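Undergrad: One structure coming up, written as structure tokens, with questions to follow.
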Amino acid sequence: HLDKIVERIKNETDADIILMTPNLMIAPRPDMENHVCSLEERVAVIRELAVKYDTSLADTYAVWKEYEKQGYPVKPMLANGFNHPSEAGHRLFAKVLMKVVE
């Protein structure tokens, strides 16, 4: 679906497009095991579409993963401790997005 949306915007408007990857998700819930694709697969699709359509990419997922890798406590950056960003998580999104816009 995202591919079709980006294609239409590119073909039918003069809009600048910025694709953004999602935040990290902590320990998927058991009821999410049957999802069609994993979060990492969705991130890969977003990255591929940015290349395919030559759009800007705010790769926030990469930043979240780097924070996790370096031992930064990312769980407090999630309002529900699972997948919805807290105020600190939203600040991270804004910071990454502003780097793209600048």
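A note on labels: chains of the structure tokens are A, B, ... as shown, every chain counts residues from 1, and ligands are counted from 1 in their shown order.
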Any idea what's packed within 7 Å of stretch 19-24 of chain A, counting only C-alpha atoms, ignoring anything in its chain fewer than 4 positions away? Could you give it as a PDB file with N, CA and C atoms, in the first residue's frame?
TA:
```
ATOM      1  N   VAL A  43      10.409  -2.031   8.135  1.00  0.00           N
ATOM      2  CA  VAL A  43      11.478  -1.031   8.060  1.00  0.00           C
ATOM      3  C   VAL A  43      12.238  -1.184   6.743  1.00  0.00           C
ATOM      4  N   ILE A  46      10.268   0.319   3.863  1.00  0.00           N
ATOM      5  CA  ILE A  46      10.320   1.789   3.866  1.00  0.00           C
ATOM      6  C   ILE A  46      11.648   2.271   3.309  1.00  0.00           C
ATOM      7  N   ALA A  50      12.274   4.440  -0.216  1.00  0.00           N
ATOM      8  CA  ALA A  50      13.001   5.717  -0.248  1.00  0.00           C
ATOM      9  C   ALA A  50      14.015   5.716  -1.388  1.00  0.00           C
ATOM     10  N   SER A  56      13.489  11.473   0.529  1.00  0.00           N
ATOM     11  CA  SER A  56      14.232  11.599   1.775  1.00  0.00           C
ATOM     12  C   SER A  56      13.770  10.520   2.742  1.00  0.00           C
ATOM     13  N   LEU A  57      14.666  10.133   3.633  1.00  0.00           N
ATOM     14  CA  LEU A  57      14.358   9.119   4.633  1.00  0.00           C
ATOM     15  C   LEU A  57      14.805   9.584   6.006  1.00  0.00           C
ATOM     16  N   ALA A  58      13.871   9.615   6.933  1.00  0.00           N
ATOM     17  CA  ALA A  58      14.192   9.862   8.341  1.00  0.00           C
ATOM     18  C   ALA A  58      14.210   8.487   8.999  1.00  0.00           C
ATOM     19  N   ASP A  59      15.395   7.917   9.124  1.00  0.00           N
ATOM     20  CA  ASP A  59      15.525   6.543   9.598  1.00  0.00           C
ATOM     21  C   ASP A  59      15.621   6.503  11.122  1.00  0.00           C
ATOM     22  N   THR A  60      14.498   6.761  11.758  1.00  0.00           N
ATOM     23  CA  THR A  60      14.463   6.768  13.223  1.00  0.00           C
ATOM     24  C   THR A  60      14.703   5.381  13.798  1.00  0.00           C
ATOM     25  N   TYR A  61      14.283   4.353  13.085  1.00  0.00           N
ATOM     26  CA  TYR A  61      14.487   2.985  13.580  1.00  0.00           C
ATOM     27  C   TYR A  61      15.973   2.706  13.787  1.00  0.00           C
ATOM     28  N   TRP A  64      16.978   4.306  17.057  1.00  0.00           N
ATOM     29  CA  TRP A  64      16.481   3.512  18.196  1.00  0.00           C
ATOM     30  C   TRP A  64      17.340   2.263  18.389  1.00  0.00           C
ATOM     31  N   LYS A  65      17.658   1.566  17.297  1.00  0.00           N
ATOM     32  CA  LYS A  65      18.476   0.351  17.390  1.00  0.00           C
ATOM     33  C   LYS A  65      19.875   0.670  17.920  1.00  0.00           C
ATOM     34  N   ASN A  83       5.318  -0.184  22.393  1.00  0.00           N
ATOM     35  CA  ASN A  83       5.474   0.294  21.020  1.00  0.00           C
ATOM     36  C   ASN A  83       5.034   1.731  20.760  1.00  0.00           C
TER      37      ASN A  83
END
```
Undergrad: Mind checking which residues fall within 10 Å of A:Val6, counting only C-alpha atoms, ignoring those fewer than 3 positions away in the same chain, and posting them as a CSV table (one decimal) with N, CA, C and O atoms, in the first residue's frame?
TA:
```csv
chain,number,residue,atom,x,y,z
A,1,HIS,N,0.8,-1.2,0.0
A,1,HIS,CA,0.0,0.0,0.0
A,1,HIS,C,0.9,1.3,0.0
A,1,HIS,O,0.5,2.2,-0.7
A,2,LEU,N,1.9,1.2,0.8
A,2,LEU,CA,2.8,2.4,0.9
A,2,LEU,C,3.4,2.7,-0.5
A,2,LEU,O,3.5,3.9,-0.9
A,3,ASP,N,3.8,1.7,-1.2
A,3,ASP,CA,4.4,1.9,-2.5
A,3,ASP,C,3.4,2.6,-3.4
A,3,ASP,O,3.8,3.6,-4.1
A,9,ILE,N,1.8,10.2,-5.0
A,9,ILE,CA,2.3,11.5,-4.6
A,9,ILE,C,3.4,12.0,-5.6
A,9,ILE,O,3.3,13.1,-6.0
A,10,LYS,N,4.3,11.1,-5.9
A,10,LYS,CA,5.4,11.5,-6.9
A,10,LYS,C,4.8,11.8,-8.2
A,10,LYS,O,5.3,12.8,-8.9
A,11,ASN,N,3.9,11.1,-8.7
A,11,ASN,CA,3.3,11.3,-10.1
A,11,ASN,C,2.3,12.4,-10.2
A,11,ASN,O,2.1,13.0,-11.3
A,12,GLU,N,1.6,12.6,-9.1
A,12,GLU,CA,0.4,13.5,-9.2
A,12,GLU,C,0.6,14.9,-8.5
A,12,GLU,O,-0.3,15.7,-8.5
A,17,ILE,N,8.6,14.5,-0.4
A,17,ILE,CA,8.2,13.3,0.4
A,17,ILE,C,9.4,13.0,1.3
A,17,ILE,O,10.5,12.9,0.9
A,18,ILE,N,9.0,12.7,2.6
A,18,ILE,CA,10.0,12.2,3.6
A,18,ILE,C,9.3,11.0,4.2
A,18,ILE,O,8.3,11.0,4.8
A,19,LEU,N,10.0,9.8,3.9
A,19,LEU,CA,9.5,8.6,4.5
A,19,LEU,C,10.2,8.5,5.9
A,19,LEU,O,11.4,8.9,6.0
A,49,LEU,N,11.7,1.7,-0.5
A,49,LEU,CA,10.9,2.7,-1.2
A,49,LEU,C,11.6,4.1,-1.2
A,49,LEU,O,11.4,4.8,-2.3
A,50,ALA,N,12.3,4.4,-0.2
A,50,ALA,CA,13.0,5.7,-0.2
A,50,ALA,C,14.0,5.7,-1.4
A,50,ALA,O,14.2,6.7,-2.1
A,52,LYS,N,13.9,3.6,-4.1
A,52,LYS,CA,13.1,3.4,-5.4
A,52,LYS,C,12.6,4.7,-5.9
A,52,LYS,O,12.6,5.0,-7.1
A,53,TYR,N,12.0,5.5,-5.0
A,53,TYR,CA,11.4,6.8,-5.4
A,53,TYR,C,12.3,8.0,-5.2
A,53,TYR,O,11.8,9.1,-5.3
A,55,THR,N,13.4,9.5,-2.5
A,55,THR,CA,12.8,10.4,-1.5
A,55,THR,C,13.7,10.5,-0.3
A,55,THR,O,14.6,9.7,-0.1
```
Undergrad: For A:Pro85, which of A:Leu39, A:Ala44, A:Ile26, A:Met98 is the closest residue, counting only C-alpha atoms?
TA: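 Between A:Leu39, A:Ala44, A:Ile26, A:Met98, the residue approaching A:Pro85 most closely is A:Ile26.
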Undergrad: Can you work out the spacing between atom CA of A:Arg91 and atom CA of A:Met77 in Å, to one decimal?
TA: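 Answer for the atom CA of A:Arg91 to atom CA of A:Met77 separation: 9.4 Å.
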Undergrad: Apply DSSP to the structure's backbone, then extract all residues of chain A labelled alpha helix (DSSP H) and return them as a ChimeraX atom specification.
TA: /A:2-12,39-52,60-69,87-101
Undergrad: When DSSP works through the backbone of this structure, what residues of chain A end up as strand (DSSP E), shown as JSON, numbers by chain?
TA: {"A": [18, 19, 20, 56, 57, 58]}
Undergrad: For the selection just defined, write its residues with N, CA, C and O atoms to a file, as an mmCIF file, in the first residue's frame.
TA:
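File result-v6.cif, as written:
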```
data_model
loop_
_atom_site.group_PDB
_atom_site.id
_atom_site.type_symbol
_atom_site.label_atom_id
_atom_site.label_comp_id
_atom_site.auth_asym_id
_atom_site.auth_seq_id
_atom_site.Cartn_x
_atom_site.Cartn_y
_atom_site.Cartn_z
ATOM 1 N N ILE A 18 9.009 12.739 2.595
ATOM 2 C CA ILE A 18 9.953 12.231 3.582
ATOM 3 C C ILE A 18 9.335 10.962 4.151
ATOM 4 O O ILE A 18 8.289 11.018 4.785
ATOM 5 N N LEU A 19 9.977 9.848 3.905
ATOM 6 C CA LEU A 19 9.537 8.601 4.524
ATOM 7 C C LEU A 19 10.233 8.476 5.876
ATOM 8 O O LEU A 19 11.378 8.901 6.034
ATOM 9 N N MET A 20 9.530 7.900 6.834
ATOM 10 C CA MET A 20 10.072 7.779 8.180
ATOM 11 C C MET A 20 9.872 6.356 8.683
ATOM 12 O O MET A 20 8.773 5.817 8.593
ATOM 13 N N SER A 56 13.489 11.473 0.529
ATOM 14 C CA SER A 56 14.232 11.599 1.775
ATOM 15 C C SER A 56 13.770 10.520 2.742
ATOM 16 O O SER A 56 12.629 10.062 2.688
ATOM 17 N N LEU A 57 14.666 10.133 3.633
ATOM 18 C CA LEU A 57 14.358 9.119 4.633
ATOM 19 C C LEU A 57 14.805 9.584 6.006
ATOM 20 O O LEU A 57 15.965 9.922 6.200
ATOM 21 N N ALA A 58 13.871 9.615 6.933
ATOM 22 C CA ALA A 58 14.192 9.862 8.341
ATOM 23 C C ALA A 58 14.210 8.487 8.999
ATOM 24 O O ALA A 58 13.168 7.932 9.348
#
```
Undergrad: Calculate how many Å separate atom CA of A:Lys95 from atom CA of A:Met25, rounding to one decimal.
TA: 19.0 Å
